[in-house]
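These notes concern the structure reproduced below.
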Amino acid sequence: MIICLRKGATAEQLAEVVRRIESHGCRPHVSQGEEETIIGVIGDTKRVDEGLFTELPWVDRAVRISRPYKLVGREHQPRARVIKVGDLRIGDGGLTIMAGPCSVESREMILPLAEACKAAGAQIFRGGAYKPRTSPYAFQGLGKEGIRLLAEARERTGLPIITEATGNHHHVTPDGSLEDETVLEVVVKNTDILQIGTRNMKSYGFLEEAARLTGERKVPVLLKRGESATLEEFLLAAEYIVFNGNPDVILCLRGLRAFESARFLRYSPDIGAIAVLKHETNLPVVFDPSHATGDRRYVRATALAAVAAGADGLLIEAHQEPERAWSDGQECITPAELARVIDEARAIEAVRSRETVHPG
Ligand code: PEP
Ligand code: MN
């Protein structure tokens, strides 16, 4: 059960709700947001009557939640959660474009690319400084230096930054020494949105730590769907983040591991999941057509399909010289191709109807 207090409820009024929950042998979980205070009732709520709370004039509603994900579901909050990043409002019915390279490679590469992505119409610049690579021999990212370069790109262009933290460990630099702060600490202090990658979607301890740190600093989290995770597992991973202190979660679909051979599609684009997630949750849903296909020839078609299906945003990999990229070059598009995709995506955004796409 979820109990929502009316705006302006006092600490004493909250304490009374907590007392009533505890007197029934349950545990309260209080989330104090800017807009409202929500108390989750944890434990056996079968014998707890909603009336016990709704009789209090400062309680707005008490709702029984049938879904396993309580806080991110539409049952509890039908209104879309709009996530503010600078002047941008992700999830307000529009389309937010995030683009940039897979990895930050050098100053000479990243600064002009950030300018080119902005000129193409990107609103948020992406780039990995800490890379989760399948092979230990592959380029692992520039680490702190990459984060510094992203900050410079943000200063140059004014675009907010999204970058990934691969864990809460100390990154090993190419000379073999350890960075002084953990990857999570470095990233959270310097980014506008924290990306949690597909491989970490089920690292529950990491989700908790990331939620706590980003919640304190009010940094939104973009959580990618695990490549073999069900939608319920995905939503429960998002629930971990909200439960542990950060309500600003953006869901990102990036393709699934299926039986298609990597020769055609590296992953299988999960376009239908956009509609499901928009129906089930109030969180924004972003689609990543680059990892979803693993092939730059299919990025445009998949991106446009995602917009038509109601995605709140796109996360696209771009590079000035894709064939020379240090990671994921096969799926990077050029800034000129990016400009075309964005123009077409905007045209679809203009004709799509939220009501038609998401019947509620
Ligand atoms: C990335 O965005 O570059 C990345 C590694 O993504 P994923 O976690 O989806 O593989
Ligand atoms: Mn990549």
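Labels used: A, B, ... for chains in the order of the structure tokens, numbers from 1 for residues in each chain, and numbers from 1 for ligands as shown.
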Taking only C-alpha atoms and all ligand atoms into account, report as a ChimeraX atom specification which residues have an atom no farther than 9 Å from an atom of ligand 1. /A:101-103,126-128,131-133,163-164,195-201,223-227,252-255,288,290-292,315-317,327-328
Requested write-out: N, CA, C and O atoms of the selected residues, as a short mmCIF file (atom, residue, chain, number, x, y, z; two decimals), in the first residue's frame:
data_model
loop_
_atom_site.label_atom_id
_atom_site.label_comp_id
_atom_site.auth_asym_id
_atom_site.auth_seq_id
_atom_site.Cartn_x
_atom_site.Cartn_y
_atom_site.Cartn_z
N PRO A 101 29.71 10.27 -28.91
CA PRO A 101 30.43 9.03 -29.22
C PRO A 101 30.22 7.97 -28.16
O PRO A 101 29.73 8.26 -27.07
N CYS A 102 30.64 6.76 -28.49
CA CYS A 102 30.62 5.70 -27.49
C CYS A 102 31.63 6.08 -26.41
O CYS A 102 31.28 6.16 -25.24
N SER A 103 32.87 6.38 -26.83
CA SER A 103 33.93 6.72 -25.86
C SER A 103 34.50 8.10 -26.13
O SER A 103 34.62 8.51 -27.29
N ARG A 126 26.45 12.85 -25.06
CA ARG A 126 26.84 11.61 -24.40
C ARG A 126 28.30 11.26 -24.73
O ARG A 126 28.84 11.70 -25.76
N GLY A 127 28.93 10.45 -23.89
CA GLY A 127 30.28 9.99 -24.17
C GLY A 127 30.75 9.20 -22.96
O GLY A 127 30.49 9.58 -21.82
N GLY A 128 31.42 8.08 -23.22
CA GLY A 128 31.86 7.22 -22.12
C GLY A 128 33.31 7.52 -21.75
O GLY A 128 34.19 7.57 -22.61
N LYS A 131 34.44 2.64 -19.61
CA LYS A 131 33.75 1.77 -20.56
C LYS A 131 33.66 0.33 -20.05
O LYS A 131 34.65 -0.24 -19.65
N PRO A 132 32.46 -0.24 -20.10
CA PRO A 132 32.31 -1.65 -19.72
C PRO A 132 32.60 -2.52 -20.93
O PRO A 132 31.71 -2.77 -21.74
N ARG A 133 33.83 -2.95 -21.13
CA ARG A 133 34.17 -3.68 -22.34
C ARG A 133 34.14 -5.19 -22.11
O ARG A 133 34.52 -5.69 -21.06
N THR A 163 26.94 10.44 -18.87
CA THR A 163 28.06 9.51 -18.97
C THR A 163 27.87 8.38 -17.97
O THR A 163 27.14 8.52 -16.98
N GLU A 164 28.54 7.26 -18.23
CA GLU A 164 28.29 6.04 -17.45
C GLU A 164 29.27 5.87 -16.29
O GLU A 164 30.46 6.17 -16.42
N GLN A 195 24.54 7.51 -16.29
CA GLN A 195 24.09 6.33 -17.04
C GLN A 195 24.50 5.07 -16.28
O GLN A 195 25.66 4.92 -15.88
N ILE A 196 23.54 4.16 -16.10
CA ILE A 196 23.86 2.82 -15.58
C ILE A 196 23.62 1.86 -16.72
O ILE A 196 22.53 1.82 -17.31
N GLY A 197 24.64 1.12 -17.08
CA GLY A 197 24.61 0.32 -18.31
C GLY A 197 23.87 -1.00 -18.15
O GLY A 197 23.52 -1.43 -17.04
N THR A 198 23.69 -1.64 -19.30
CA THR A 198 22.93 -2.87 -19.38
C THR A 198 23.51 -3.96 -18.46
O THR A 198 22.80 -4.73 -17.85
N ARG A 199 24.85 -3.98 -18.36
CA ARG A 199 25.50 -5.04 -17.56
C ARG A 199 25.28 -4.85 -16.07
O ARG A 199 25.42 -5.79 -15.31
N ASN A 200 25.01 -3.63 -15.65
CA ASN A 200 24.84 -3.35 -14.23
C ASN A 200 23.39 -3.30 -13.78
O ASN A 200 23.12 -3.02 -12.62
N MET A 201 22.45 -3.55 -14.72
CA MET A 201 21.05 -3.40 -14.33
C MET A 201 20.69 -4.30 -13.15
O MET A 201 19.79 -4.00 -12.38
N LEU A 223 18.74 4.48 -16.67
CA LEU A 223 18.98 3.06 -16.42
C LEU A 223 18.69 2.27 -17.69
O LEU A 223 17.58 2.31 -18.21
N LYS A 224 19.71 1.54 -18.17
CA LYS A 224 19.50 0.73 -19.37
C LYS A 224 18.95 -0.64 -19.01
O LYS A 224 19.32 -1.22 -17.98
N ARG A 225 18.09 -1.14 -19.89
CA ARG A 225 17.54 -2.48 -19.66
C ARG A 225 18.62 -3.52 -19.85
O ARG A 225 19.38 -3.48 -20.83
N GLY A 226 18.71 -4.47 -18.91
CA GLY A 226 19.65 -5.58 -19.06
C GLY A 226 19.37 -6.30 -20.36
O GLY A 226 18.22 -6.43 -20.78
N GLU A 227 20.41 -6.78 -21.02
CA GLU A 227 20.22 -7.33 -22.37
C GLU A 227 19.37 -8.61 -22.37
O GLU A 227 18.86 -9.00 -23.43
N CYS A 252 15.85 3.25 -20.24
CA CYS A 252 16.42 3.24 -21.60
C CYS A 252 16.42 1.81 -22.15
O CYS A 252 16.99 0.90 -21.55
N LEU A 253 15.78 1.66 -23.31
CA LEU A 253 15.78 0.37 -24.01
C LEU A 253 16.92 0.40 -25.01
O LEU A 253 17.11 1.39 -25.71
N ARG A 254 17.66 -0.72 -25.08
CA ARG A 254 18.85 -0.74 -25.95
C ARG A 254 19.02 -2.08 -26.66
O ARG A 254 20.11 -2.45 -27.04
N GLY A 255 17.88 -2.78 -26.85
CA GLY A 255 17.94 -4.05 -27.57
C GLY A 255 18.21 -5.22 -26.63
O GLY A 255 18.76 -5.05 -25.55
N ASP A 288 17.64 3.60 -27.46
CA ASP A 288 19.01 3.66 -27.97
C ASP A 288 19.09 2.78 -29.22
O ASP A 288 19.25 1.56 -29.13
N SER A 290 21.36 2.67 -31.43
CA SER A 290 22.73 2.33 -31.81
C SER A 290 23.11 0.96 -31.25
O SER A 290 23.48 0.06 -32.00
N HIS A 291 22.99 0.79 -29.92
CA HIS A 291 23.29 -0.52 -29.35
C HIS A 291 22.22 -1.54 -29.74
O HIS A 291 22.51 -2.72 -29.89
N ALA A 292 20.97 -1.07 -29.90
CA ALA A 292 19.87 -2.00 -30.21
C ALA A 292 20.10 -2.72 -31.54
O ALA A 292 19.67 -3.86 -31.72
N LEU A 315 18.87 8.04 -27.63
CA LEU A 315 20.28 8.10 -27.23
C LEU A 315 21.05 7.49 -28.40
O LEU A 315 20.94 6.29 -28.66
N ILE A 316 21.78 8.34 -29.14
CA ILE A 316 22.37 7.90 -30.40
C ILE A 316 23.89 8.07 -30.36
O ILE A 316 24.39 9.12 -29.93
N GLU A 317 24.60 7.06 -30.85
CA GLU A 317 26.06 7.18 -30.93
C GLU A 317 26.46 7.82 -32.25
O GLU A 317 26.02 7.40 -33.33
N SER A 327 35.66 2.64 -29.96
CA SER A 327 34.69 1.60 -29.55
C SER A 327 33.38 1.83 -30.30
O SER A 327 33.02 2.98 -30.58
N ASP A 328 32.70 0.76 -30.62
CA ASP A 328 31.37 0.79 -31.25
C ASP A 328 31.26 1.61 -32.54
O ASP A 328 30.18 2.11 -32.88
#
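Residues with any atom within 8 Å of Glu349 (chain A), counting only C-alpha atoms and excluding same-chain neighbours fewer than 3 positions away, are Gly94, Leu95, Val307, Ala308, Ala345, Arg346 and Arg352 of chain A.
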Could those selected residues go to a file with C-alpha atoms, as a PDB file, in the first residue's frame?
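Output saved as selection_3.pdb:
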ATOM      1  CA  GLY A  94       8.192  15.952 -26.294  1.00  0.00           C
ATOM      2  CA  LEU A  95      11.338  14.284 -27.566  1.00  0.00           C
ATOM      3  CA  VAL A 307       9.716   7.915 -31.891  1.00  0.00           C
ATOM      4  CA  ALA A 308       6.529   6.755 -33.600  1.00  0.00           C
ATOM      5  CA  ALA A 345      12.358  12.352 -35.701  1.00  0.00           C
ATOM      6  CA  ARG A 346      11.080  15.881 -35.053  1.00  0.00           C
ATOM      7  CA  ARG A 352       2.288  11.603 -33.056  1.00  0.00           C
TER       8      ARG A 352
END
Residue neighbourhood Val341 (chain A), 9 Å, only C-alpha atoms, exclusion window fewer than 6 positions, as a PyMOL selection string: chain A and resi 299-301+303-304
Selection above as a file: N, CA, C and O atoms, as a CSV table (one decimal), in the first residue's frame:
chain,number,residue,atom,x,y,z
A,299,VAL,N,20.3,2.3,-37.9
A,299,VAL,CA,20.1,3.2,-36.7
A,299,VAL,C,18.9,4.1,-37.1
A,299,VAL,O,18.0,4.3,-36.2
A,300,ARG,N,18.9,4.7,-38.3
A,300,ARG,CA,17.8,5.6,-38.6
A,300,ARG,C,16.4,5.0,-38.6
A,300,ARG,O,15.5,5.6,-37.9
A,301,ALA,N,16.2,3.9,-39.2
A,301,ALA,CA,14.9,3.3,-39.3
A,301,ALA,C,14.4,2.9,-37.9
A,301,ALA,O,13.3,3.2,-37.5
A,303,ALA,N,15.5,4.3,-35.0
A,303,ALA,CA,15.2,5.5,-34.2
A,303,ALA,C,13.9,6.1,-34.5
A,303,ALA,O,13.1,6.4,-33.6
A,304,LEU,N,13.5,6.1,-35.8
A,304,LEU,CA,12.2,6.7,-36.2
A,304,LEU,C,11.1,5.8,-35.7
A,304,LEU,O,10.0,6.4,-35.3
Give one line per residue of region 20-62 of chain A that approaches region 205-221 of chain A to at most 12 Å, naming the two atoms of the closest pair and their distance in Å to one decimal, counting only C-alpha atoms; sort by chain then ascending residue number and deliver it as a Markdown table.
| residue | atom | partner | partner_atom | distance |
| --- | --- | --- | --- | --- |
| A:Ser31 | CA | A:Gly215 | CA | 11.0 |
| A:Gln32 | CA | A:Gly215 | CA | 11.3 |
| A:Gly33 | CA | A:Gly215 | CA | 10.6 |
| A:Glu34 | CA | A:Lys218 | CA | 11.3 |
Just C-alpha atoms for this one: save the residues we selected as a PDB file, in the first residue's frame.
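The new file result-v3.pdb reads:
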ATOM      1  CA  SER A  31       9.988   9.386   0.164  1.00  0.00           C
ATOM      2  CA  GLN A  32       9.869  13.117   0.557  1.00  0.00           C
ATOM      3  CA  GLY A  33       9.681  14.655  -2.907  1.00  0.00           C
ATOM      4  CA  GLU A  34       9.373  18.286  -3.940  1.00  0.00           C
TER       5      GLU A  34
END
I'd like the neighbourhood of Ser261 (chain A) as a VMD selection string, where a residue qualifies if any of its atoms comes within 12 Å (using only C-alpha atoms), though same-chain residues fewer than 6 positions away should be ignored. chain A and resid 267 to 268 293 to 294
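When the distance limit is 9 Å and only C-alpha atoms are what count, the residues near region 55-71 of chain A, minus those fewer than 4 positions from it on the same chain, are Met1, Ile2, Ile3, Cys4, Leu5, Arg6, Lys7, Gly8, Ala9, Thr10, Gln13, Leu14, Val17, Gly40, Thr45, Glu50, Gly51, Glu75, His76, Gln77, Glu232, Leu235, Leu236, Ala238, Glu239, Val242, Phe243, Pro247 and Thr281 of chain A.
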Write out as number ranges by chain all residues of region 214-246 of chain A that DSSP puts in alpha helix (DSSP H) for this structure's backbone. A: 214-217, 231-243
9 Å contact set for His170 (chain A), only C-alpha atoms, chain neighbours under 3 positions out, as an NGL selection string: :A and (167 or 178-184)
